[in-house]
Structures are given as structure tokens and as C-alpha cells.
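What follows is one structure encoded as C-alpha cells, with my remarks underneath.
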Amino acid sequence: MEVARFWNALKRYTKEKLVVAGTSAGAAVMSANMIYKVEAQGGMLKDQVSATAGLDLLKNVAIDTHFIDRGRIVRMAQTVAQNPGCIGIGLEEDTAILVKDGREIEVIGSGLVTILNGMDISSTNIYEIEEGEPFTIYDLKMHLLGSGKTYTIPTFNADLDKKSK
């Protein structure tokens, strides 16, 4: 019963002003999809990236941390290719996002936030190739955002509001 009370209190963020924060794995678990294991070569081969459900506090998003420093763009690209309605958000060291209204993010800190948007992917072979083969993606969008910049997380079924400011 205590778990249910805690979960209900945590979900208040959708109705009230409430700060929910995490670092490293604690930030990654906030999203709907969470990368938890990557085999050798940084995820460039099909099925080297394993993802699971996060807490789903941030809808249609996968968050990864230590993003640029540890070269995690390829593993996020594979995650987005397999879930094209999901936006990949890569957080660098000393950098975070402030989320308002569940979709509006603002970058804070001294590093970059990388956004990978797969909603306009024109072609990928991720479902046609065998396990262990390199995958291909065409028209994957990437945004690099510094401190103070904002981004609206688009929704897959709505009129896509993809404006970066």
C-alpha cells in the first residue's frame, strides 16, 4: 500500500507544480523507455541495445546520460529507430532539462542536450536485418541545445510541433 501512495504522490507532477529530479540512472528512469544494457561497439549492431520501461514520467521519451562524453549517440539512434514515436534526449555532464507541462523542456547547465527525433525517418532497415548487423537510418533529426534553449517534445499523433527556440 505504501508503494501506491508514493506513486500517486509522484504522479502529482501532471496536475501541480512539483520538482522531480534525478542524475545519471535516476534521470534515465524518468522516461518511458530506458536503456539499461549495451553490448560492445556502442550499439551500432542490431540487438546490441536493450531497453526497458522507465517510470514513464516523461511521455514518448528515452533519456540517456553522460551522452557526448561516452559517445552514446549510436545507442540512442538504435532506440529511436526501434521506437520512432519516441524522442531521444541525451544529457551531457553538468547539464539537465527542466520540464514544464510534460512537453516543454529548457536546458540548464554548462553542457549540451542532444535531441534525436525519429518521427520523420524515411527509411530504416532495423526490422529487416539480422541480429549483429549494422543498421541504417535515413532522415533522423538531431538538435544540439545549449543552456537556456527550449524544445517542445512533439507528440506522435498530433500536429507535430517541432520548433526549437
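Residues are named by chain letter and number: chains run A, B, ... in the order of the C-alpha cells, numbers start at 1 in each chain, and ligands are numbered from 1 in the order shown.
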
Could you pull out the alpha helix (DSSP H) residues of chain A, going by DSSP on the backbone, and write them as a short mmCIF file (atom, residue, chain, number, x, y, z; two decimals) with N, CA and C atoms, in the first residue's frame?
data_model
loop_
_atom_site.label_atom_id
_atom_site.label_comp_id
_atom_site.auth_asym_id
_atom_site.auth_seq_id
_atom_site.Cartn_x
_atom_site.Cartn_y
_atom_site.Cartn_z
N GLU A 2 2.00 1.25 0.68
CA GLU A 2 2.88 2.40 0.73
C GLU A 2 3.42 2.74 -0.65
N VAL A 3 3.69 1.74 -1.47
CA VAL A 3 4.18 1.98 -2.82
C VAL A 3 3.14 2.72 -3.64
N ALA A 4 1.89 2.33 -3.52
CA ALA A 4 0.81 3.00 -4.26
C ALA A 4 0.69 4.46 -3.83
N ARG A 5 0.79 4.74 -2.56
CA ARG A 5 0.72 6.13 -2.07
C ARG A 5 1.88 6.95 -2.61
N PHE A 6 3.08 6.37 -2.60
CA PHE A 6 4.25 7.06 -3.13
C PHE A 6 4.07 7.35 -4.61
N TRP A 7 3.63 6.35 -5.36
CA TRP A 7 3.45 6.51 -6.81
C TRP A 7 2.42 7.59 -7.11
N ASN A 8 1.31 7.61 -6.39
CA ASN A 8 0.29 8.64 -6.59
C ASN A 8 0.83 10.02 -6.27
N ALA A 9 1.63 10.14 -5.23
CA ALA A 9 2.24 11.43 -4.90
C ALA A 9 3.21 11.87 -5.99
N LEU A 10 3.98 10.94 -6.52
CA LEU A 10 4.93 11.26 -7.58
C LEU A 10 4.22 11.69 -8.86
N ALA A 25 21.50 7.42 -13.83
CA ALA A 25 20.40 6.45 -14.00
C ALA A 25 19.10 6.99 -13.43
N GLY A 26 19.17 7.86 -12.44
CA GLY A 26 17.97 8.47 -11.86
C GLY A 26 17.28 9.40 -12.84
N ALA A 27 18.03 10.00 -13.76
CA ALA A 27 17.42 10.82 -14.82
C ALA A 27 16.87 9.91 -15.91
N ALA A 28 17.61 8.89 -16.27
CA ALA A 28 17.19 7.99 -17.35
C ALA A 28 15.88 7.27 -17.02
N ILE A 73 25.52 8.36 -28.84
CA ILE A 73 24.56 8.75 -29.87
C ILE A 73 24.06 7.55 -30.68
N VAL A 74 24.92 6.59 -30.97
CA VAL A 74 24.51 5.45 -31.79
C VAL A 74 23.53 4.56 -31.03
N ARG A 75 23.76 4.35 -29.76
CA ARG A 75 22.82 3.53 -29.00
C ARG A 75 21.46 4.20 -28.89
N MET A 76 21.44 5.54 -28.80
CA MET A 76 20.16 6.24 -28.78
C MET A 76 19.50 6.18 -30.15
N ALA A 77 20.29 6.27 -31.22
CA ALA A 77 19.74 6.18 -32.57
C ALA A 77 19.05 4.83 -32.78
N GLN A 78 19.65 3.75 -32.27
CA GLN A 78 19.02 2.43 -32.40
C GLN A 78 17.71 2.39 -31.60
N THR A 79 17.69 2.97 -30.41
CA THR A 79 16.48 3.01 -29.60
C THR A 79 15.38 3.77 -30.32
N VAL A 80 15.71 4.92 -30.93
CA VAL A 80 14.72 5.72 -31.64
C VAL A 80 14.26 5.00 -32.91
N ALA A 81 15.17 4.34 -33.62
CA ALA A 81 14.80 3.60 -34.84
C ALA A 81 13.78 2.51 -34.52
N GLN A 82 13.93 1.87 -33.37
CA GLN A 82 13.01 0.81 -32.98
C GLN A 82 11.71 1.35 -32.38
#

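By only C-alpha atoms, and with residues fewer than 6 positions from Thr150 in chain A along its chain excluded, the set lying at most 12 Å from it is Ala96, Ile97, Leu98, Val99, Lys100, Arg103, Glu104, Ile105, Glu106, Val107, Ile108, Leu112, Val113, Thr114, Ile115, His143, Leu144, Lys162, Lys163, Ser164 and Lys165 of chain A.
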
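Residue nearest Ser24 in chain A within the list A:His66, A:Lys46, A:Lys37, A:Lys59: A:His66 [criterion: smallest interatomic distance, only C-alpha atoms].
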
Subject >> strand (DSSP E or B) call set, DSSP backbone run, chain A, as a PyMOL selection string >> reply: chain A and resi 31-38+45+49-53+58-65+87-91+95-100+104-109+113-117+123-124+134+137-138+141-145+150-152+164

**OP:** Pick out the residues sitting within 8 Å of Asp94 in chain A, and hand them over as an MDAnalysis selection string; count only C-alpha atoms, and ignore anything fewer than 3 positions along from it in its own chain.
**Re:** chainID A and resid 109:111

Write a file of the selected residues as a compact mmCIF listing (two decimals), in the first residue's frame, keeping N, CA, C and O atoms.
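What ended up in again-v2.txt:
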# COMPACT_ATOMS: atom_id res chain seq x y z
N GLY A 109 22.50 24.29 -17.28
CA GLY A 109 23.82 23.73 -17.06
C GLY A 109 24.82 24.20 -18.10
O GLY A 109 24.53 25.02 -18.96
N SER A 110 26.02 23.62 -18.04
CA SER A 110 27.12 24.10 -18.87
C SER A 110 27.36 23.28 -20.14
O SER A 110 28.19 23.66 -20.96
N GLY A 111 26.67 22.18 -20.31
CA GLY A 111 26.90 21.32 -21.48
C GLY A 111 25.77 21.40 -22.49
O GLY A 111 24.97 22.33 -22.49
